[in-house]
Each structure stands twice: as C-alpha cells, then as structure tokens.
$ cat run-v1.cif   # mmCIF, C-alpha atoms
data_final
#
loop_
_atom_site.label_atom_id
_atom_site.label_comp_id
_atom_site.auth_asym_id
_atom_site.auth_seq_id
_atom_site.Cartn_x
_atom_site.Cartn_y
_atom_site.Cartn_z
CA MET A 1 48.15 262.37 -51.08
CA ALA A 2 50.65 261.11 -53.62
CA VAL A 3 50.63 257.41 -54.41
CA LYS A 4 53.60 255.51 -52.96
CA THR A 5 55.66 254.10 -55.80
CA LEU A 6 58.30 251.45 -55.32
CA GLN A 7 60.94 251.64 -58.01
CA VAL A 8 62.25 248.09 -57.93
CA ASN A 9 64.95 248.35 -60.57
CA LYS A 10 66.38 251.48 -59.01
CA ASP A 11 66.43 249.85 -55.57
CA ILE A 12 68.28 246.79 -56.89
CA LEU A 13 70.95 248.96 -58.50
CA SER A 14 71.23 251.03 -55.32
CA ALA A 15 72.07 247.92 -53.26
CA ASN A 16 75.03 247.30 -55.56
CA ASP A 17 75.95 250.99 -55.43
CA LEU A 18 75.99 250.87 -51.63
CA LEU A 19 78.37 247.91 -51.66
CA ALA A 20 80.45 249.60 -54.35
CA ASP A 21 80.80 252.72 -52.16
CA ASN A 22 81.99 250.54 -49.26
CA LEU A 23 84.48 248.81 -51.54
CA ARG A 24 85.75 252.12 -52.82
CA ALA A 25 86.41 253.30 -49.27
CA ARG A 26 88.37 250.08 -48.58
CA PHE A 27 90.38 250.53 -51.78
CA ASP A 28 91.14 254.18 -50.94
CA GLN A 29 92.23 253.25 -47.43
CA SER A 30 94.60 250.64 -48.84
CA LYS A 31 95.85 253.14 -51.45
CA VAL A 32 95.22 250.64 -54.19
CA PHE A 33 94.15 251.93 -57.62
CA VAL A 34 91.40 249.78 -59.15
CA MET A 35 90.74 249.40 -62.87
CA ASN A 36 87.65 247.55 -64.17
CA ILE A 37 88.31 246.28 -67.73
CA MET A 38 85.28 245.48 -69.89
CA SER A 39 84.79 244.37 -73.51
CA SER A 40 83.08 241.91 -75.83
CA PRO A 41 84.25 238.30 -75.64
CA GLY A 42 87.59 237.89 -77.39
CA ALA A 43 88.50 241.59 -77.66
CA GLY A 44 91.72 240.88 -75.77
CA LYS A 45 91.17 241.72 -72.09
CA THR A 46 93.56 239.03 -70.82
CA SER A 47 96.23 239.77 -73.44
CA ILE A 48 96.16 243.48 -72.55
CA ILE A 49 96.39 242.63 -68.84
CA LEU A 50 99.43 240.41 -69.51
CA ARG A 51 101.08 243.28 -71.44
CA LEU A 52 100.36 245.74 -68.60
CA ILE A 53 101.83 243.32 -66.05
CA GLU A 54 104.95 243.06 -68.24
CA SER A 55 105.25 246.86 -68.36
CA LEU A 56 104.35 247.75 -64.78
CA SER A 57 105.13 244.89 -62.40
CA ASP A 58 108.67 246.12 -61.72
CA LYS A 59 107.34 249.45 -60.47
CA PHE A 60 104.02 248.46 -58.88
CA LYS A 61 102.60 245.57 -56.83
CA ILE A 62 99.69 244.25 -58.91
CA GLY A 63 96.75 241.94 -58.18
CA VAL A 64 94.25 240.59 -60.71
CA ILE A 65 90.64 239.44 -60.33
CA GLU A 66 89.46 237.32 -63.27
CA GLY A 67 85.69 237.20 -63.93
CA ASP A 68 84.29 234.43 -66.11
CA ILE A 69 81.00 232.59 -66.35
CA ALA A 70 82.93 229.32 -66.33
CA SER A 71 86.54 228.03 -66.59
CA ASP A 72 89.82 229.39 -65.23
CA VAL A 73 91.62 229.61 -68.59
CA ASP A 74 92.48 233.30 -68.11
CA ALA A 75 93.50 233.03 -64.46
CA GLN A 76 95.93 230.26 -65.43
CA LYS A 77 97.60 232.59 -67.95
CA VAL A 78 97.96 235.38 -65.36
CA GLN A 79 99.26 232.93 -62.73
CA LYS A 80 102.30 232.27 -64.94
CA THR A 81 103.42 235.86 -64.25
CA LYS A 82 104.60 237.07 -60.86
CA VAL A 83 101.30 238.71 -59.85
CA GLU A 84 98.62 237.23 -57.61
CA VAL A 85 95.30 236.30 -59.21
CA VAL A 86 91.84 235.20 -58.01
CA GLN A 87 89.23 233.65 -60.33
CA ILE A 88 85.52 234.43 -59.93
CA ASN A 89 83.15 232.03 -61.73
CA THR A 90 79.75 233.70 -62.00
CA ASP A 91 77.96 230.44 -62.86
CA GLY A 92 75.87 231.96 -65.64
CA ALA A 93 75.69 235.59 -64.51
CA CYS A 94 76.54 238.04 -67.30
CA HIS A 95 78.50 240.59 -65.22
CA LEU A 96 80.49 241.01 -62.02
CA ASP A 97 78.90 242.82 -59.08
CA ALA A 98 80.32 244.58 -56.02
CA ASN A 99 79.53 241.65 -53.74
CA MET A 100 81.65 239.27 -55.83
CA ILE A 101 84.52 241.77 -55.85
CA SER A 102 84.29 242.19 -52.08
CA SER A 103 84.89 238.44 -51.57
CA ALA A 104 87.60 238.29 -54.21
CA ALA A 105 89.46 241.31 -52.76
CA GLU A 106 89.33 239.66 -49.33
CA SER A 107 90.80 236.46 -50.73
CA LEU A 108 93.49 238.32 -52.71
CA GLY A 109 94.45 240.74 -49.92
CA LEU A 110 94.84 244.47 -50.59
CA LYS A 111 97.77 245.20 -48.26
CA GLY A 112 100.79 246.54 -50.11
CA LYS A 113 99.11 246.42 -53.53
CA ASP A 114 99.31 249.45 -55.82
CA LEU A 115 97.07 248.27 -58.63
CA LEU A 116 94.11 245.92 -58.75
CA ILE A 117 92.95 244.94 -62.24
CA ILE A 118 89.46 243.46 -62.55
CA GLU A 119 88.73 241.58 -65.78
CA ASN A 120 84.96 241.62 -66.16
CA VAL A 121 82.83 239.00 -67.97
CA GLY A 122 83.07 239.38 -71.76
CA ASN A 123 79.93 241.37 -72.50
CA LEU A 124 79.53 244.85 -74.01
CA VAL A 125 76.17 245.42 -72.31
CA CYS A 126 75.50 244.35 -68.71
CA PRO A 127 78.85 245.02 -66.95
CA ALA A 128 78.55 248.77 -67.71
CA GLU A 129 75.59 248.98 -65.30
CA PHE A 130 77.34 247.63 -62.23
CA ARG A 131 79.89 249.67 -60.26
CA LEU A 132 82.60 247.60 -58.59
CA GLY A 133 84.17 250.33 -56.43
CA GLU A 134 86.73 250.91 -59.18
CA ASN A 135 88.68 254.15 -59.77
CA VAL A 136 88.28 253.82 -63.52
CA LYS A 137 86.24 251.81 -65.98
CA VAL A 138 88.25 251.03 -69.09
CA MET A 139 86.87 249.32 -72.18
CA ILE A 140 88.47 247.51 -75.07
CA LEU A 141 87.10 247.57 -78.61
CA SER A 142 88.96 245.32 -81.03
CA ILE A 143 89.37 246.32 -84.66
CA PRO A 144 87.50 243.32 -86.17
CA GLU A 145 84.35 244.30 -84.20
CA GLY A 146 83.82 247.34 -86.41
CA HIS A 147 83.65 251.10 -85.88
CA ASP A 148 79.83 251.20 -85.59
CA LYS A 149 79.75 249.72 -82.07
CA PRO A 150 79.40 252.99 -80.06
CA LEU A 151 76.00 253.62 -81.66
CA LYS A 152 74.74 250.17 -80.70
CA TYR A 153 76.21 249.84 -77.19
CA PRO A 154 76.21 253.46 -75.99
CA LEU A 155 76.35 252.96 -72.20
CA MET A 156 79.72 251.16 -72.24
CA PHE A 157 81.27 253.94 -74.33
CA THR A 158 79.90 256.75 -72.14
CA GLU A 159 80.85 255.04 -68.84
CA SER A 160 84.48 254.39 -69.77
CA LYS A 161 87.31 256.79 -68.95
CA ALA A 162 89.59 255.16 -71.52
CA LEU A 163 89.00 253.17 -74.70
CA ILE A 164 91.70 250.70 -75.72
CA LEU A 165 91.52 250.04 -79.45
CA ASN A 166 93.09 246.58 -79.64
CA LYS A 167 94.25 244.39 -82.55
CA MET A 168 95.56 247.35 -84.54
CA ASP A 169 97.70 244.74 -86.36
CA LEU A 170 94.49 243.58 -88.12
CA LEU A 171 93.58 247.09 -89.33
CA PRO A 172 94.90 246.58 -92.91
CA PHE A 173 92.63 243.53 -93.35
CA THR A 174 89.35 245.20 -92.27
CA ASP A 175 87.33 248.27 -93.27
CA PHE A 176 87.55 249.73 -89.76
CA ASN A 177 87.74 253.53 -89.89
CA VAL A 178 89.68 254.83 -86.87
CA GLU A 179 88.80 258.49 -87.51
CA GLU A 180 85.10 257.68 -87.82
CA LEU A 181 85.28 255.75 -84.52
CA ARG A 182 87.10 258.63 -82.81
CA LYS A 183 84.46 261.10 -84.03
CA THR A 184 81.51 258.98 -82.86
CA VAL A 185 83.01 258.20 -79.45
CA THR A 186 84.15 261.71 -78.58
CA ALA A 187 80.73 263.07 -79.52
CA MET A 188 79.25 260.75 -76.84
CA ASN A 189 82.06 261.07 -74.31
CA PRO A 190 84.27 264.14 -74.94
CA SER A 191 86.86 263.43 -72.20
CA ILE A 192 87.50 259.77 -73.10
CA ARG A 193 91.15 258.79 -73.76
CA ILE A 194 91.66 256.54 -76.79
CA PHE A 195 94.69 254.21 -76.97
CA PRO A 196 95.28 252.35 -80.24
CA VAL A 197 97.34 249.25 -79.36
CA SER A 198 98.16 245.72 -80.41
CA ALA A 199 98.57 243.22 -77.58
CA LYS A 200 100.06 240.90 -80.20
CA THR A 201 102.88 243.14 -81.50
CA GLY A 202 103.18 245.41 -78.44
CA GLU A 203 102.38 248.55 -80.49
CA GLY A 204 101.02 251.38 -78.30
CA ILE A 205 101.39 249.48 -75.01
CA ASP A 206 104.00 251.93 -73.62
CA ASN A 207 101.56 254.78 -74.08
CA LEU A 208 98.76 252.93 -72.31
CA ALA A 209 101.03 251.74 -69.48
CA GLY A 210 102.33 255.31 -69.03
CA TRP A 211 98.81 256.65 -68.64
CA LEU A 212 97.95 253.92 -66.14
CA ALA A 213 101.13 254.58 -64.13
CA ASP A 214 100.12 258.25 -63.86
CA GLN A 215 96.65 257.23 -62.68
CA ILE A 216 98.13 254.94 -60.00
CA GLN A 217 100.29 257.83 -58.70
CA THR A 218 97.13 259.88 -57.95
CA THR A 219 96.17 257.44 -55.16
CA LYS A 220 99.50 257.82 -53.33
CA MET B 1 54.02 220.57 -43.81
CA ALA B 2 56.59 221.56 -46.41
CA VAL B 3 57.55 225.21 -46.64
CA LYS B 4 56.14 226.95 -49.69
CA THR B 5 59.01 228.13 -51.86
CA LEU B 6 58.62 230.64 -54.62
CA GLN B 7 61.29 230.23 -57.27
CA VAL B 8 61.28 233.69 -58.74
CA ASN B 9 63.91 233.23 -61.45
CA LYS B 10 62.29 230.04 -62.68
CA ASP B 11 58.89 231.74 -62.83
CA ILE B 12 60.25 234.63 -64.87
CA LEU B 13 61.81 232.28 -67.38
CA SER B 14 58.58 230.29 -67.55
CA ALA B 15 56.57 233.38 -68.50
CA ASN B 16 58.89 233.87 -71.47
CA ASP B 17 58.69 230.15 -72.29
CA LEU B 18 54.89 230.32 -72.34
CA LEU B 19 54.96 233.24 -74.78
CA ALA B 20 57.62 231.45 -76.83
CA ASP B 21 55.39 228.37 -77.10
CA ASN B 22 52.51 230.57 -78.35
CA LEU B 23 54.82 232.21 -80.87
CA ARG B 24 56.07 228.85 -82.07
CA ALA B 25 52.48 227.71 -82.71
CA ARG B 26 51.84 230.90 -84.73
CA PHE B 27 55.04 230.38 -86.75
CA ASP B 28 54.15 226.72 -87.43
CA GLN B 29 50.64 227.69 -88.54
CA SER B 30 52.10 230.24 -90.96
CA LYS B 31 54.66 227.66 -92.18
CA VAL B 32 57.44 230.13 -91.57
CA PHE B 33 60.84 228.82 -90.50
CA VAL B 34 62.40 230.97 -87.79
CA MET B 35 66.13 231.32 -87.15
CA ASN B 36 67.47 233.19 -84.10
CA ILE B 37 71.04 234.39 -84.78
CA MET B 38 73.22 235.19 -81.78
CA SER B 39 76.86 236.26 -81.30
CA SER B 40 79.22 238.71 -79.63
CA PRO B 41 79.10 242.31 -80.87
CA GLY B 42 80.83 242.63 -84.22
CA ALA B 43 81.06 238.91 -85.07
CA GLY B 44 79.18 239.59 -88.30
CA LYS B 45 75.47 238.83 -87.75
CA THR B 46 74.25 241.50 -90.17
CA SER B 47 76.86 240.66 -92.82
CA ILE B 48 75.90 236.97 -92.68
CA ILE B 49 72.20 237.87 -92.93
CA LEU B 50 72.91 240.03 -96.01
CA ARG B 51 74.79 237.09 -97.60
CA LEU B 52 71.90 234.70 -96.84
CA ILE B 53 69.40 237.15 -98.35
CA GLU B 54 71.59 237.31 -101.47
CA SER B 55 71.65 233.50 -101.71
CA LEU B 56 68.05 232.68 -100.78
CA SER B 57 65.72 235.58 -101.62
CA ASP B 58 65.01 234.29 -105.14
CA LYS B 59 63.70 231.00 -103.74
CA PHE B 60 62.15 232.09 -100.44
CA LYS B 61 60.16 235.03 -99.07
CA ILE B 62 62.25 236.37 -96.19
CA GLY B 63 61.57 238.74 -93.30
CA VAL B 64 64.12 240.09 -90.82
CA ILE B 65 63.77 241.32 -87.24
CA GLU B 66 66.74 243.41 -86.08
CA GLY B 67 67.40 243.57 -82.34
CA ASP B 68 69.63 246.32 -80.97
CA ILE B 69 69.92 248.23 -77.71
CA ALA B 70 69.95 251.46 -79.71
CA SER B 71 70.21 252.69 -83.33
CA ASP B 72 68.85 251.27 -86.59
CA VAL B 73 72.19 250.98 -88.38
CA ASP B 74 71.66 247.29 -89.18
CA ALA B 75 68.01 247.59 -90.22
CA GLN B 76 69.02 250.30 -92.69
CA LYS B 77 71.49 247.91 -94.30
CA VAL B 78 68.86 245.17 -94.62
CA GLN B 79 66.29 247.62 -95.97
CA LYS B 80 68.50 248.19 -99.01
CA THR B 81 67.74 244.58 -100.08
CA LYS B 82 64.32 243.43 -101.21
CA VAL B 83 63.28 241.87 -97.89
CA GLU B 84 61.07 243.41 -95.23
CA VAL B 85 62.69 244.39 -91.94
CA VAL B 86 61.53 245.56 -88.51
CA GLN B 87 63.86 247.12 -85.92
CA ILE B 88 63.46 246.43 -82.20
CA ASN B 89 65.29 248.83 -79.87
CA THR B 90 65.54 247.22 -76.43
CA ASP B 91 66.46 250.51 -74.71
CA GLY B 92 69.23 248.97 -72.59
CA ALA B 93 68.01 245.36 -72.35
CA CYS B 94 70.76 242.85 -73.16
CA HIS B 95 68.65 240.29 -75.08
CA LEU B 96 65.44 239.90 -77.07
CA ASP B 97 62.47 238.18 -75.42
CA ALA B 98 59.38 236.46 -76.80
CA ASN B 99 57.15 239.43 -76.07
CA MET B 100 59.28 241.74 -78.24
CA ILE B 101 59.26 239.17 -81.06
CA SER B 102 55.48 238.83 -80.82
CA SER B 103 55.02 242.57 -81.49
CA ALA B 104 57.67 242.63 -84.21
CA ALA B 105 56.16 239.59 -86.01
CA GLU B 106 52.77 241.31 -85.89
CA SER B 107 54.23 244.45 -87.42
CA LEU B 108 56.16 242.51 -90.08
CA GLY B 109 53.34 240.12 -91.00
CA LEU B 110 53.95 236.37 -91.31
CA LYS B 111 51.60 235.62 -94.21
CA GLY B 112 53.41 234.22 -97.23
CA LYS B 113 56.83 234.30 -95.56
CA ASP B 114 59.09 231.23 -95.69
CA LEU B 115 61.91 232.39 -93.49
CA LEU B 116 62.07 234.80 -90.58
CA ILE B 117 65.57 235.74 -89.44
CA ILE B 118 65.91 237.28 -85.98
CA GLU B 119 69.17 239.12 -85.28
CA ASN B 120 69.56 239.13 -81.51
CA VAL B 121 71.41 241.77 -79.43
CA GLY B 122 75.20 241.30 -79.67
CA ASN B 123 75.91 239.36 -76.49
CA LEU B 124 77.35 235.87 -76.04
CA VAL B 125 75.65 235.39 -72.67
CA CYS B 126 72.09 236.53 -72.00
CA PRO B 127 70.31 235.83 -75.34
CA ALA B 128 71.01 232.08 -74.97
CA GLU B 129 68.61 231.95 -72.01
CA PHE B 130 65.54 233.35 -73.78
CA ARG B 131 63.54 231.27 -76.27
CA LEU B 132 61.89 233.32 -79.02
CA GLY B 133 59.70 230.60 -80.55
CA GLU B 134 62.43 229.92 -83.09
CA ASN B 135 62.95 226.65 -84.99
CA VAL B 136 66.71 226.93 -84.61
CA LYS B 137 69.20 228.92 -82.61
CA VAL B 138 72.32 229.61 -84.64
CA MET B 139 75.44 231.29 -83.30
CA ILE B 140 78.37 233.02 -84.92
CA LEU B 141 81.90 232.93 -83.55
CA SER B 142 84.36 235.10 -85.46
CA ILE B 143 87.99 234.03 -85.86
CA PRO B 144 89.53 237.06 -84.04
CA GLU B 145 87.54 236.17 -80.88
CA GLY B 146 89.72 233.07 -80.32
CA HIS B 147 89.11 229.34 -80.05
CA ASP B 148 88.82 229.30 -76.25
CA LYS B 149 85.35 230.85 -76.18
CA PRO B 150 83.27 227.63 -75.75
CA LEU B 151 84.86 227.02 -72.35
CA LYS B 152 83.97 230.51 -71.17
CA TYR B 153 80.46 230.89 -72.62
CA PRO B 154 79.20 227.29 -72.55
CA LEU B 155 75.42 227.86 -72.72
CA MET B 156 75.47 229.58 -76.11
CA PHE B 157 77.52 226.74 -77.61
CA THR B 158 75.29 223.99 -76.20
CA GLU B 159 72.01 225.74 -77.15
CA SER B 160 72.94 226.32 -80.82
CA LYS B 161 72.10 223.87 -83.60
CA ALA B 162 74.69 225.41 -85.91
CA LEU B 163 77.88 227.35 -85.36
CA ILE B 164 78.95 229.76 -88.10
CA LEU B 165 82.70 230.35 -87.95
CA ASN B 166 82.94 233.79 -89.57
CA LYS B 167 85.90 235.92 -90.76
CA MET B 168 87.84 232.90 -92.03
CA ASP B 169 89.69 235.44 -94.22
CA LEU B 170 91.46 236.62 -91.03
CA LEU B 171 92.61 233.10 -90.05
CA PRO B 172 96.20 233.53 -91.39
CA PHE B 173 96.69 236.62 -89.18
CA THR B 174 95.60 235.02 -85.88
CA ASP B 175 96.55 231.98 -83.80
CA PHE B 176 93.00 230.57 -83.98
CA ASN B 177 93.09 226.75 -84.10
CA VAL B 178 90.03 225.48 -86.02
CA GLU B 179 90.60 221.82 -85.08
CA GLU B 180 90.95 222.72 -81.40
CA LEU B 181 87.68 224.69 -81.59
CA ARG B 182 85.93 221.81 -83.35
CA LYS B 183 87.11 219.35 -80.69
CA THR B 184 85.98 221.55 -77.77
CA VAL B 185 82.57 222.37 -79.26
CA THR B 186 81.62 218.86 -80.36
CA ALA B 187 82.57 217.52 -76.91
CA MET B 188 79.93 219.92 -75.47
CA ASN B 189 77.37 219.59 -78.27
CA PRO B 190 77.96 216.48 -80.42
CA SER B 191 75.23 217.18 -83.02
CA ILE B 192 76.19 220.82 -83.74
CA ARG B 193 76.88 221.72 -87.39
CA ILE B 194 79.93 223.91 -87.96
CA PHE B 195 80.13 226.19 -91.02
CA PRO B 196 83.44 227.98 -91.65
CA VAL B 197 82.62 231.06 -93.76
CA SER B 198 83.72 234.56 -94.65
CA ALA B 199 80.93 237.09 -95.10
CA LYS B 200 83.59 239.35 -96.64
CA THR B 201 84.84 237.03 -99.41
CA GLY B 202 81.75 234.80 -99.67
CA GLU B 203 83.74 231.64 -98.83
CA GLY B 204 81.50 228.89 -97.41
CA ILE B 205 78.24 230.84 -97.80
CA ASP B 206 76.82 228.35 -100.36
CA ASN B 207 77.22 225.54 -97.87
CA LEU B 208 75.49 227.48 -95.12
CA ALA B 209 72.68 228.69 -97.39
CA GLY B 210 72.15 225.10 -98.65
CA TRP B 211 71.77 223.82 -95.11
CA LEU B 212 69.32 226.62 -94.28
CA ALA B 213 67.27 225.93 -97.45
CA ASP B 214 66.96 222.27 -96.36
CA GLN B 215 65.80 223.39 -92.91
CA ILE B 216 63.16 225.68 -94.42
CA GLN B 217 61.78 222.79 -96.53
CA THR B 218 61.04 220.80 -93.35
CA THR B 219 58.30 223.29 -92.42
CA LYS B 220 56.47 222.91 -95.75
#
$ encode --input "run-v1.cif" --output "structure tokens"
Amino acid sequence: MAVKTLQVNKDILSANDLLADNLRARFDQSKVFVMNIMSSPGAGKTSIILRLIESLSDKFKIGVIEGDIASDVDAQKVQKTKVEVVQINTDGACHLDANMISSAAESLGLKGKDLLIIENVGNLVCPAEFRLGENVKVMILSIPEGHDKPLKYPLMFTESKALILNKMDLLPFTDFNVEELRKTVTAMNPSIRIFPVSAKTGEGIDNLAGWLADQIQTTK
Amino acid sequence: MAVKTLQVNKDILSANDLLADNLRARFDQSKVFVMNIMSSPGAGKTSIILRLIESLSDKFKIGVIEGDIASDVDAQKVQKTKVEVVQINTDGACHLDANMISSAAESLGLKGKDLLIIENVGNLVCPAEFRLGENVKVMILSIPEGHDKPLKYPLMFTESKALILNKMDLLPFTDFNVEELRKTVTAMNPSIRIFPVSAKTGEGIDNLAGWLADQIQTTK
C-alpha cells in the first residue's frame, strides 16, 4: 500500500485558491473587472493607478483596494480623486491574500463598479504566489531597477499578463536596455504585453489605458 | 489549569534564531565581520558590494555570499574581482535564512577572512525578519524608490544599523526629499547611520567604506 503523504504547502495554497475561486465568481456576477497590480517597492504602483483613474474614471466606475504593511499614505492619495478606496494593512505580511480581498470588497461594495484595482504590497516575490480572484495580474518594473530582473524574479514575470515599464523618463540616465528586457521577458512569457510609460510625464499612459478599457469591455 | 498554547510562528522564528546564534559564535571565533545587505530589487546591492570590494580588498580579505531566487548573474559579476563568492539559489523562497548561510559559509571557508558580505534576496519585507548571525544589518534605499518608504516598510528601517541612500546621481530627476527621509527614518531609528552614495559615480563610497573598515576593526 502506498504511504499517505500530506503535502502541507500545497494544501495551504489550495485554501487560498478556493477563496480566490469564490471571489472570482462574485466579481463575475457583479460584472466588475479586477486587476491585481504588483511590483517592487517604489516602482510606481500608486502613480500609475492615479494616471489610470484620470484616464478612465469618466467612462468607468472604479474602486481601489490599497495593500500596505503599514500606513495609509497611498489610500490618502487615491481618496483625493473621485473613486472609492479601501486600505488593507497587512501588519507585517508580505502579500495580500484572497481572504483580505474578500473583506475589502465587502467594505467597498461591488455593485455598479466596472473596474476594481488592487494595489498589492510592494514585493517582487511573494504576491505572485497568491491569487486574489483577479481577471489579470499586471506588474510594474521601473527603469532604475535594471533589465536583469526577469532572471532573478521569474515567477512574477511569467504570472503577469502585462508588464508596465515605468519611469521611462529616467531611461537616458541609466544603462537599462529595453530591447534586452523585451527579449528576456518574451522568452519566459511569449504572450505578455509590454507598455513603456512614465507616470511622471504621462508618456504611454493612453496606450495602457486603452488596453485596460478593452479588457473591461470583455466582462460586459 | 491553563490551556496549553503552541505558538507556531514564534517557534519557527526561534529555530532560525538558534541557528543564527550558532553561526554568530562561529563568525566571532573566526574573527570575521559579517554584514547582511538588504534592499528592494534593483536598489543596487551588487553595485555597492563591487564598490566596497574595490575600496577594501587591499586591506581586508573579503568573501561574498550571493542570495537570489534564481540565476547567478550577481555572483558572476563578483567573481570577476579577486574575492571569493558563493551563490545561494533559494528556489522561490523570498529571504535567506541561517541554515542557508551555514552551508554557504562552510563552502566558502571562514579561515583568514576579515569580512563576509551577504547579499540577501531583493525584498524590502521578509529578509528583515530572519537573523543570519550577522554583526550588522545594512539596508539600501535607492532614490527612485521615493522618500515615503520607511512608513510603508517599517521593520527593515528599524532593524538596520546603516542606511545606504544609493543612486544619488538620479536625485535631480526625481522629487525625492533627502531631509524628509532623514527626519522620518531617525524618528523610527535614532541611532541609524545614513550614507548618501552613488555606486555609479562613486560619490560617498569613501565615507561608507571608512565606516565599514572601522566596524571590521572591532572584531580584531
């Protein structure tokens, strides 16, 4: 008889997956498109979200969930716009999980919303492992981080449907090689969409917002 | 009778602490000073290490342990210098732990070394929780990441004895406020040393290397 083996890590992930599947069903029912944005600390998640709100809030009803270990600095910035925002403080935890999103979505309310943006904890590692019931995972890599990051943090780059290349305004002052990055990433994830942008100058934001608007339409 | 309570998280951390204490005794016995460098991905850990090797390898025998989830890109860069290097691939894990360092130190050899530099996985969250038997934890914050990071990732900033402010060459192109950063960080960690540097131009490296040389002398 085969030995019974309990795969603890797999079981823990499955509990989150189960909750994520439930969440996804709730999101689908409410016809809300959900985007989970992940990146290193300081790559520009909040600035990109503010730009997307600027571009899309006339056409779509948007809600934002802000994930941070501590503080509500980012949520305060979003609150100055016309969209609703809920802050999650993870109290030390390095990623958001489906259970946290379930509570936050409840508090925010899904009714009538077209787009829910989740800003994950700034971390290029752990958040990639936890599904949040999202329609798409999107990651940001900022130019000063360097073009060698896909080799070192492969899961984030293979899990993401789109890669936002932020801080293009700093490109002339670094040795970042955009073509090299594009080659490495597409070898790992051939269908990934890459959007070079600058949240500071607004460069490339129209392109990104256009893609997102098309994605939102698929849930209608 | 009081209910018996098993505090699982605390016990897991304690196992690492126990190994870290053993490691620390081995490092002390070998009179090797150990620095654990932590930061977000792309803040410049490897570039700073290469600058420190340049400044200090005439005076001190140095060894380097490179921690990455995947790849040996960084270890290859260090190997081009005259110091010995060992690569740890964590295979998905978001931080180094004392057990990994124990094996790596064995493989590297401590005898005759004055300074062991450990480059942790690029992550501003998880590595701060795991002691590696180091004499000092040092963190890097790079200018493009923004001056609001201490509020969002408090543990890293309170655990570190020194904060290296890297990519000062990019300061004119960002809205980073060095005084604001200094105020926030010293309120959380009054004794922290702050070193503004640029690994690219070499600015401030002498200062940092001088401080590290003084630290190494304390173990002799």
$ resolve_selection --input "run-v1.cif" --expression "the PyMOL selection byres ((chain A) within 9 of (chain B))" --output "count of residues only"
35
$ closest_atom_pairs --input "run-v1.cif" --of "stretch 105-201 of chain A" --to "stretch 26-38 of chain A" --cutoff "12 Å" --atoms "only C-alpha atoms" --output "tab-separated table"
residue	atom	partner	partner_atom	distance
A:Ala105	CA	A:Phe27	CA	9.3
A:Glu106	CA	A:Arg26	CA	10.5
A:Gly109	CA	A:Ser30	CA	10.0
A:Leu110	CA	A:Ser30	CA	6.4
A:Lys111	CA	A:Ser30	CA	6.3
A:Gly112	CA	A:Ser30	CA	7.5
A:Lys113	CA	A:Val32	CA	5.8
A:Asp114	CA	A:Val32	CA	4.6
A:Leu115	CA	A:Phe33	CA	4.8
A:Leu116	CA	A:Val34	CA	4.7
A:Ile117	CA	A:Met35	CA	5.0
A:Ile118	CA	A:Asn36	CA	4.8
A:Glu119	CA	A:Ile37	CA	5.1
A:Asn120	CA	A:Met38	CA	5.4
A:Val121	CA	A:Met38	CA	7.2
A:Gly122	CA	A:Met38	CA	6.8
A:Asn123	CA	A:Met38	CA	7.2
A:Leu124	CA	A:Met38	CA	7.1
A:Val125	CA	A:Met38	CA	9.4
A:Cys126	CA	A:Met38	CA	9.9
A:Pro127	CA	A:Met38	CA	7.1
A:Ala128	CA	A:Met38	CA	7.8
A:Glu129	CA	A:Met38	CA	11.3
A:Phe130	CA	A:Asn36	CA	10.5
A:Arg131	CA	A:Asn36	CA	8.9
A:Leu132	CA	A:Asn36	CA	7.5
A:Gly133	CA	A:Val34	CA	7.7
A:Glu134	CA	A:Val34	CA	4.8
A:Asn135	CA	A:Val34	CA	5.2
A:Val136	CA	A:Met35	CA	5.1
A:Lys137	CA	A:Asn36	CA	4.8
A:Val138	CA	A:Ile37	CA	4.9
A:Met139	CA	A:Met38	CA	4.7
A:Ile140	CA	A:Met38	CA	6.4
A:Leu141	CA	A:Met38	CA	9.1
A:Ser142	CA	A:Met38	CA	11.7
A:Leu155	CA	A:Met38	CA	11.9
A:Met156	CA	A:Met38	CA	8.3
A:Phe157	CA	A:Met38	CA	10.4
A:Glu159	CA	A:Met38	CA	10.6
A:Ser160	CA	A:Met38	CA	8.9
A:Lys161	CA	A:Met35	CA	10.2
A:Ala162	CA	A:Ile37	CA	9.7
A:Leu163	CA	A:Met38	CA	9.8
A:Ile164	CA	A:Ile37	CA	9.7
$ closest_residue --input "run-v1.cif" --among "B:Leu52, B:Ala98, B:Val83, B:Ile88" --to "B:Asn16" --atoms "all atoms listed in the file"
B:Ala98
$ residues_around --input "run-v1.cif" --residues "B:Gly204" --least-positions-apart "6" --cutoff "12 Å" --atoms "only C-alpha atoms" --output "compact mmCIF listing (two decimals) with C-alpha atoms, in the coordinates of the input"
# COMPACT_ATOMS: atom_id res chain seq x y z
CA ILE B 48 75.90 236.97 -92.68
CA ARG B 51 74.79 237.09 -97.60
CA LEU B 52 71.90 234.70 -96.84
CA SER B 55 71.65 233.50 -101.71
CA ILE B 164 78.95 229.76 -88.10
CA LEU B 165 82.70 230.35 -87.95
CA ASN B 166 82.94 233.79 -89.57
CA LYS B 167 85.90 235.92 -90.76
CA MET B 168 87.84 232.90 -92.03
CA ASP B 169 89.69 235.44 -94.22
CA ILE B 194 79.93 223.91 -87.96
CA PHE B 195 80.13 226.19 -91.02
CA PRO B 196 83.44 227.98 -91.65
CA VAL B 197 82.62 231.06 -93.76
CA SER B 198 83.72 234.56 -94.65
CA GLY B 210 72.15 225.10 -98.65
CA TRP B 211 71.77 223.82 -95.11
$ atom_distance --input "run-v1.cif" --atom1 "atom CA of A:Ile65" --atom2 "atom CA of A:Thr46"
10.9 Å
$ atom_distance --input "run-v1.cif" --atom1 "atom CA of B:Leu23" --atom2 "atom CA of B:Val86"
16.8 Å
$ atom_distance --input "run-v1.cif" --atom1 "atom CA of A:Ile49" --atom2 "atom CA of A:Thr219"
20.2 Å
$ resolve_selection --input "run-v1.cif" --expression "the PyMOL selection byres ((chain A and resi 58) around 12)" --output "CSV table (one decimal) with C-alpha atoms, in the coordinates of the input"
chain,number,residue,atom,x,y,z
A,52,LEU,CA,100.4,245.7,-68.6
A,53,ILE,CA,101.8,243.3,-66.0
A,54,GLU,CA,105.0,243.1,-68.2
A,55,SER,CA,105.2,246.9,-68.4
A,56,LEU,CA,104.4,247.8,-64.8
A,57,SER,CA,105.1,244.9,-62.4
A,59,LYS,CA,107.3,249.4,-60.5
A,60,PHE,CA,104.0,248.5,-58.9
A,61,LYS,CA,102.6,245.6,-56.8
A,62,ILE,CA,99.7,244.2,-58.9
A,81,THR,CA,103.4,235.9,-64.2
A,82,LYS,CA,104.6,237.1,-60.9
A,83,VAL,CA,101.3,238.7,-59.8
A,114,ASP,CA,99.3,249.4,-55.8
A,213,ALA,CA,101.1,254.6,-64.1
$ axis_aligned_box --input "run-v1.cif" --around "stretch 94-113 of chain B" --padding-each-side "3 Å" --output "lines of an AutoDock Vina configuration file"
center_x = 61.2
center_y = 239.3
center_z = -85.2
size_x = 25.2
size_y = 16.2
size_z = 30.1
